[in-house]
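Notes follow the structure.
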Amino acid sequence: MLAFVWAEDENKLIGKGDELPWRLPADVAFFKKVTMRGDMVTGRKTYETIPKRPLPGRRNIVLTTQKDYDAPGAVVVNSKEEILELEEKNGEDLYIIGGESLFRMFEDEVDELYRTVIHDTFEGDAYFPKDFDYEPFERVKSEKGPVDDKNIYEHTYELWRRK
Ligand SMILES: NC(=O)c1ccc[n+]([C@@H]2O[C@H](COP(=O)([O-])OP(=O)(O)OC[C@H]3O[C@@H](n4cnc5c(N)ncnc54)[C@H](OP(=O)(O)O)[C@@H]3O)[C@@H](O)[C@H]2O)c1
């Protein structure tokens, strides 16, 4: 099983430089809960935005063209095929956490979409693919996230499954 896990604002914005455009600890906790269920796959740029890497408790798989990329504690791969081979070999579900190039790469294979929608707009420079086709998917869950003094943005956790 292959899933995408990401958070986007109302314009599909997902990143600003090497950080998230918002602070939303509830979504970070949700992200952790989901990605702990299997292996986590990330593009090299997204991987380098993680302050304390690798993230503990799950295999961190990093995609890069660099043959000698040094990522202690993570598994470095150089192609999409290697990622799919690892899925088969390890028998774990794959949770792809971005960035944009990874979401584009696995658009035809992905089975589940964990999308957090933040009901606001922010400044930034990285987007979820704006032309992503949701037609092959159906939304099977939609749940409002908590809003409090630490989580000031209204947000919704959605799960989409391929029909
Ligand atoms: N809000 C969210 O949920 C969320 C989630 C993820 C990311 N983000 C944001 O997204 C931004 C980064 O995303 P991004 O799209 O710019 O970068 P990215 O997808 O994380 O990483 C791109 C890198 O992946 C490697 N790569 C891509 N395709 C490859 C291929 N076919 N073969 C081998 N290596 C390949 C390359 O690494 P090399 O250059 O090393 O070759 C490439 O430069 C950040 O701002 C981050 O905060 C947000």
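Going by the structure tokens order, chains are called A, B, ..., each with residues numbered from 1, while ligands are numbered from 1 in the order shown.
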With the cut-off set at 9 Å and counting only C-alpha atoms and all ligand atoms, tabulate each residue of chain A with an atom at most that distance from an atom of ligand 1, showing the nearest atom pair and its distance in Å to one decimal, ordered by chain and increasing number, as JSON lines.
{"residue": "A:Val5", "atom": "CA", "partner": "ligand 1", "partner_atom_place_in_ligand_line": "3 (O)", "distance": 6.6}
{"residue": "A:Trp6", "atom": "CA", "partner": "ligand 1", "partner_atom_place_in_ligand_line": "3 (O)", "distance": 3.3}
{"residue": "A:Ala7", "atom": "CA", "partner": "ligand 1", "partner_atom_place_in_ligand_line": "3 (O)", "distance": 3.9}
{"residue": "A:Glu8", "atom": "CA", "partner": "ligand 1", "partner_atom_place_in_ligand_line": "1 (N)", "distance": 5.5}
{"residue": "A:Asp9", "atom": "CA", "partner": "ligand 1", "partner_atom_place_in_ligand_line": "1 (N)", "distance": 8.4}
{"residue": "A:Lys12", "atom": "CA", "partner": "ligand 1", "partner_atom_place_in_ligand_line": "1 (N)", "distance": 8.9}
{"residue": "A:Leu13", "atom": "CA", "partner": "ligand 1", "partner_atom_place_in_ligand_line": "1 (N)", "distance": 7.2}
{"residue": "A:Ile14", "atom": "CA", "partner": "ligand 1", "partner_atom_place_in_ligand_line": "1 (N)", "distance": 3.6}
{"residue": "A:Gly15", "atom": "CA", "partner": "ligand 1", "partner_atom_place_in_ligand_line": "45 (O)", "distance": 3.5}
{"residue": "A:Lys16", "atom": "CA", "partner": "ligand 1", "partner_atom_place_in_ligand_line": "45 (O)", "distance": 4.7}
{"residue": "A:Gly17", "atom": "CA", "partner": "ligand 1", "partner_atom_place_in_ligand_line": "45 (O)", "distance": 4.8}
{"residue": "A:Asp18", "atom": "CA", "partner": "ligand 1", "partner_atom_place_in_ligand_line": "45 (O)", "distance": 4.7}
{"residue": "A:Glu19", "atom": "CA", "partner": "ligand 1", "partner_atom_place_in_ligand_line": "47 (O)", "distance": 4.3}
{"residue": "A:Leu20", "atom": "CA", "partner": "ligand 1", "partner_atom_place_in_ligand_line": "47 (O)", "distance": 4.8}
{"residue": "A:Pro21", "atom": "CA", "partner": "ligand 1", "partner_atom_place_in_ligand_line": "1 (N)", "distance": 7.7}
{"residue": "A:Trp22", "atom": "CA", "partner": "ligand 1", "partner_atom_place_in_ligand_line": "1 (N)", "distance": 8.7}
{"residue": "A:Phe31", "atom": "CA", "partner": "ligand 1", "partner_atom_place_in_ligand_line": "3 (O)", "distance": 8.7}
{"residue": "A:Thr42", "atom": "CA", "partner": "ligand 1", "partner_atom_place_in_ligand_line": "20 (O)", "distance": 6.0}
{"residue": "A:Gly43", "atom": "CA", "partner": "ligand 1", "partner_atom_place_in_ligand_line": "20 (O)", "distance": 3.6}
{"residue": "A:Arg44", "atom": "CA", "partner": "ligand 1", "partner_atom_place_in_ligand_line": "24 (O)", "distance": 4.5}
{"residue": "A:Lys45", "atom": "CA", "partner": "ligand 1", "partner_atom_place_in_ligand_line": "21 (O)", "distance": 4.0}
{"residue": "A:Thr46", "atom": "CA", "partner": "ligand 1", "partner_atom_place_in_ligand_line": "20 (O)", "distance": 3.6}
{"residue": "A:Tyr47", "atom": "CA", "partner": "ligand 1", "partner_atom_place_in_ligand_line": "20 (O)", "distance": 6.4}
{"residue": "A:Glu48", "atom": "CA", "partner": "ligand 1", "partner_atom_place_in_ligand_line": "20 (O)", "distance": 8.2}
{"residue": "A:Thr49", "atom": "CA", "partner": "ligand 1", "partner_atom_place_in_ligand_line": "47 (O)", "distance": 6.1}
{"residue": "A:Ile50", "atom": "CA", "partner": "ligand 1", "partner_atom_place_in_ligand_line": "47 (O)", "distance": 8.6}
{"residue": "A:Val62", "atom": "CA", "partner": "ligand 1", "partner_atom_place_in_ligand_line": "24 (O)", "distance": 7.9}
{"residue": "A:Leu63", "atom": "CA", "partner": "ligand 1", "partner_atom_place_in_ligand_line": "34 (N)", "distance": 4.8}
{"residue": "A:Thr64", "atom": "CA", "partner": "ligand 1", "partner_atom_place_in_ligand_line": "34 (N)", "distance": 3.4}
{"residue": "A:Thr65", "atom": "CA", "partner": "ligand 1", "partner_atom_place_in_ligand_line": "41 (O)", "distance": 3.6}
{"residue": "A:Gln66", "atom": "CA", "partner": "ligand 1", "partner_atom_place_in_ligand_line": "41 (O)", "distance": 5.2}
{"residue": "A:Lys67", "atom": "CA", "partner": "ligand 1", "partner_atom_place_in_ligand_line": "41 (O)", "distance": 8.7}
{"residue": "A:Tyr69", "atom": "CA", "partner": "ligand 1", "partner_atom_place_in_ligand_line": "40 (O)", "distance": 7.4}
{"residue": "A:Val77", "atom": "CA", "partner": "ligand 1", "partner_atom_place_in_ligand_line": "33 (C)", "distance": 7.4}
{"residue": "A:Asn78", "atom": "CA", "partner": "ligand 1", "partner_atom_place_in_ligand_line": "33 (C)", "distance": 4.6}
{"residue": "A:Ser79", "atom": "CA", "partner": "ligand 1", "partner_atom_place_in_ligand_line": "32 (N)", "distance": 4.6}
{"residue": "A:Lys80", "atom": "CA", "partner": "ligand 1", "partner_atom_place_in_ligand_line": "31 (N)", "distance": 6.2}
{"residue": "A:Ile96", "atom": "CA", "partner": "ligand 1", "partner_atom_place_in_ligand_line": "6 (C)", "distance": 8.6}
{"residue": "A:Ile97", "atom": "CA", "partner": "ligand 1", "partner_atom_place_in_ligand_line": "6 (C)", "distance": 5.1}
{"residue": "A:Gly98", "atom": "CA", "partner": "ligand 1", "partner_atom_place_in_ligand_line": "6 (C)", "distance": 3.8}
{"residue": "A:Gly99", "atom": "CA", "partner": "ligand 1", "partner_atom_place_in_ligand_line": "19 (O)", "distance": 3.4}
{"residue": "A:Glu100", "atom": "CA", "partner": "ligand 1", "partner_atom_place_in_ligand_line": "15 (O)", "distance": 3.6}
{"residue": "A:Ser101", "atom": "CA", "partner": "ligand 1", "partner_atom_place_in_ligand_line": "19 (O)", "distance": 4.3}
{"residue": "A:Leu102", "atom": "CA", "partner": "ligand 1", "partner_atom_place_in_ligand_line": "19 (O)", "distance": 5.1}
{"residue": "A:Phe103", "atom": "CA", "partner": "ligand 1", "partner_atom_place_in_ligand_line": "19 (O)", "distance": 7.6}
{"residue": "A:Arg104", "atom": "CA", "partner": "ligand 1", "partner_atom_place_in_ligand_line": "19 (O)", "distance": 9.0}
{"residue": "A:Met105", "atom": "CA", "partner": "ligand 1", "partner_atom_place_in_ligand_line": "31 (N)", "distance": 7.4}
{"residue": "A:Arg115", "atom": "CA", "partner": "ligand 1", "partner_atom_place_in_ligand_line": "3 (O)", "distance": 8.2}
{"residue": "A:Thr116", "atom": "CA", "partner": "ligand 1", "partner_atom_place_in_ligand_line": "3 (O)", "distance": 7.9}
{"residue": "A:Gly124", "atom": "CA", "partner": "ligand 1", "partner_atom_place_in_ligand_line": "45 (O)", "distance": 7.8}
{"residue": "A:Asp125", "atom": "CA", "partner": "ligand 1", "partner_atom_place_in_ligand_line": "45 (O)", "distance": 6.9}
{"residue": "A:Ala126", "atom": "CA", "partner": "ligand 1", "partner_atom_place_in_ligand_line": "10 (O)", "distance": 5.1}
{"residue": "A:Tyr127", "atom": "CA", "partner": "ligand 1", "partner_atom_place_in_ligand_line": "10 (O)", "distance": 7.0}
{"residue": "A:Phe128", "atom": "CA", "partner": "ligand 1", "partner_atom_place_in_ligand_line": "4 (C)", "distance": 8.1}
Got a sec: who's within 9 Å of Asp93 (chain A), counting only C-alpha atoms, leaving out chain neighbours fewer than 4 positions off, as a VMD selection string? chain A and resid 1 to 3 37 to 40 87
Can you pull out every residue within 12 Å of region 145-151 of chain A, counting only C-alpha atoms, but drop anything in the same chain fewer than 6 positions away, and send it as a list in words?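 Surrounding residues, per the criterion: Trp22, Arg23, Leu24, Pro25, Ala26, Asp27, Val28, Ala29, Phe30, Thr116, Val117, Ile118, His119, Tyr157 and Glu158 of chain A.
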Take the residues from that selection and put them in a file with N, CA and C atoms, as a PDB file, in the first residue's frame.
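Final output, selection-v8.pdb:
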ATOM      1  N   TRP A  22       3.217  27.227   8.377  1.00  0.00           N
ATOM      2  CA  TRP A  22       2.371  27.380   9.575  1.00  0.00           C
ATOM      3  C   TRP A  22       2.934  26.550  10.717  1.00  0.00           C
ATOM      4  N   ARG A  23       2.425  26.856  11.920  1.00  0.00           N
ATOM      5  CA  ARG A  23       2.736  26.018  13.092  1.00  0.00           C
ATOM      6  C   ARG A  23       1.439  25.387  13.542  1.00  0.00           C
ATOM      7  N   LEU A  24       1.410  24.063  13.510  1.00  0.00           N
ATOM      8  CA  LEU A  24       0.174  23.355  13.846  1.00  0.00           C
ATOM      9  C   LEU A  24       0.543  22.019  14.499  1.00  0.00           C
ATOM     10  N   PRO A  25       0.857  22.049  15.810  1.00  0.00           N
ATOM     11  CA  PRO A  25       1.317  20.830  16.480  1.00  0.00           C
ATOM     12  C   PRO A  25       0.337  19.661  16.380  1.00  0.00           C
ATOM     13  N   ALA A  26      -0.952  19.939  16.302  1.00  0.00           N
ATOM     14  CA  ALA A  26      -1.930  18.837  16.193  1.00  0.00           C
ATOM     15  C   ALA A  26      -1.712  18.071  14.896  1.00  0.00           C
ATOM     16  N   ASP A  27      -1.384  18.791  13.827  1.00  0.00           N
ATOM     17  CA  ASP A  27      -1.150  18.105  12.554  1.00  0.00           C
ATOM     18  C   ASP A  27       0.176  17.351  12.580  1.00  0.00           C
ATOM     19  N   VAL A  28       1.160  17.886  13.284  1.00  0.00           N
ATOM     20  CA  VAL A  28       2.436  17.175  13.424  1.00  0.00           C
ATOM     21  C   VAL A  28       2.192  15.836  14.136  1.00  0.00           C
ATOM     22  N   ALA A  29       1.352  15.862  15.173  1.00  0.00           N
ATOM     23  CA  ALA A  29       1.035  14.630  15.911  1.00  0.00           C
ATOM     24  C   ALA A  29       0.273  13.650  15.010  1.00  0.00           C
ATOM     25  N   PHE A  30      -0.639  14.177  14.209  1.00  0.00           N
ATOM     26  CA  PHE A  30      -1.394  13.323  13.277  1.00  0.00           C
ATOM     27  C   PHE A  30      -0.433  12.684  12.268  1.00  0.00           C
ATOM     28  N   THR A 116      -4.268  16.967   4.954  1.00  0.00           N
ATOM     29  CA  THR A 116      -4.750  17.934   5.944  1.00  0.00           C
ATOM     30  C   THR A 116      -4.969  19.249   5.210  1.00  0.00           C
ATOM     31  N   VAL A 117      -6.190  19.754   5.274  1.00  0.00           N
ATOM     32  CA  VAL A 117      -6.474  21.045   4.640  1.00  0.00           C
ATOM     33  C   VAL A 117      -6.524  22.111   5.728  1.00  0.00           C
ATOM     34  N   ILE A 118      -5.688  23.125   5.571  1.00  0.00           N
ATOM     35  CA  ILE A 118      -5.675  24.227   6.530  1.00  0.00           C
ATOM     36  C   ILE A 118      -6.502  25.360   5.923  1.00  0.00           C
ATOM     37  N   HIS A 119      -7.539  25.755   6.640  1.00  0.00           N
ATOM     38  CA  HIS A 119      -8.517  26.678   6.043  1.00  0.00           C
ATOM     39  C   HIS A 119      -8.060  28.125   6.193  1.00  0.00           C
ATOM     40  N   TYR A 157      -8.764  16.904   8.664  1.00  0.00           N
ATOM     41  CA  TYR A 157      -8.003  15.722   8.263  1.00  0.00           C
ATOM     42  C   TYR A 157      -8.875  14.904   7.324  1.00  0.00           C
ATOM     43  N   GLU A 158      -8.395  14.719   6.104  1.00  0.00           N
ATOM     44  CA  GLU A 158      -9.159  13.941   5.124  1.00  0.00           C
ATOM     45  C   GLU A 158      -8.405  12.662   4.767  1.00  0.00           C
TER      46      GLU A 158
END
DSSP strand (DSSP E) residues within region 29-155 of chain A, listed as number ranges by chain: A: 39-43, 60-63, 75-77, 94-96, 112-118, 126-127, 137-144, 155
Give me, please, the distance in Å between CA of Arg58 (chain A) and CA of Arg162 (chain A), quoted to one decimal.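 CA of Arg58 (chain A) sits 24.6 Å away from CA of Arg162 (chain A).
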Separation of CA of Lys144 (chain A) from CA of Leu113 (chain A), in Å and rounded to one decimal: 16.3 Å
All helix (DSSP H, G or I) residues (DSSP, backbone) inside region 80-152 of chain A, as a list of chain:residue names: A:Lys80, A:Glu81, A:Glu82, A:Ile83, A:Leu84, A:Glu85, A:Leu86, A:Glu87, A:Glu88, A:Lys89, A:Asn90, A:Glu100, A:Ser101, A:Leu102, A:Phe103, A:Arg104, A:Met105
If we count only C-alpha atoms, what is near Pro136 (chain A) at a cut-off of 10 Å, once residues fewer than 6 positions away on the same chain are taken out, given as a ChimeraX atom specification? /A:108,111,160-163
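Rounded to one decimal, CA of Tyr153 (chain A) and CA of Lys32 (chain A) lie 18.9 Å from each other.
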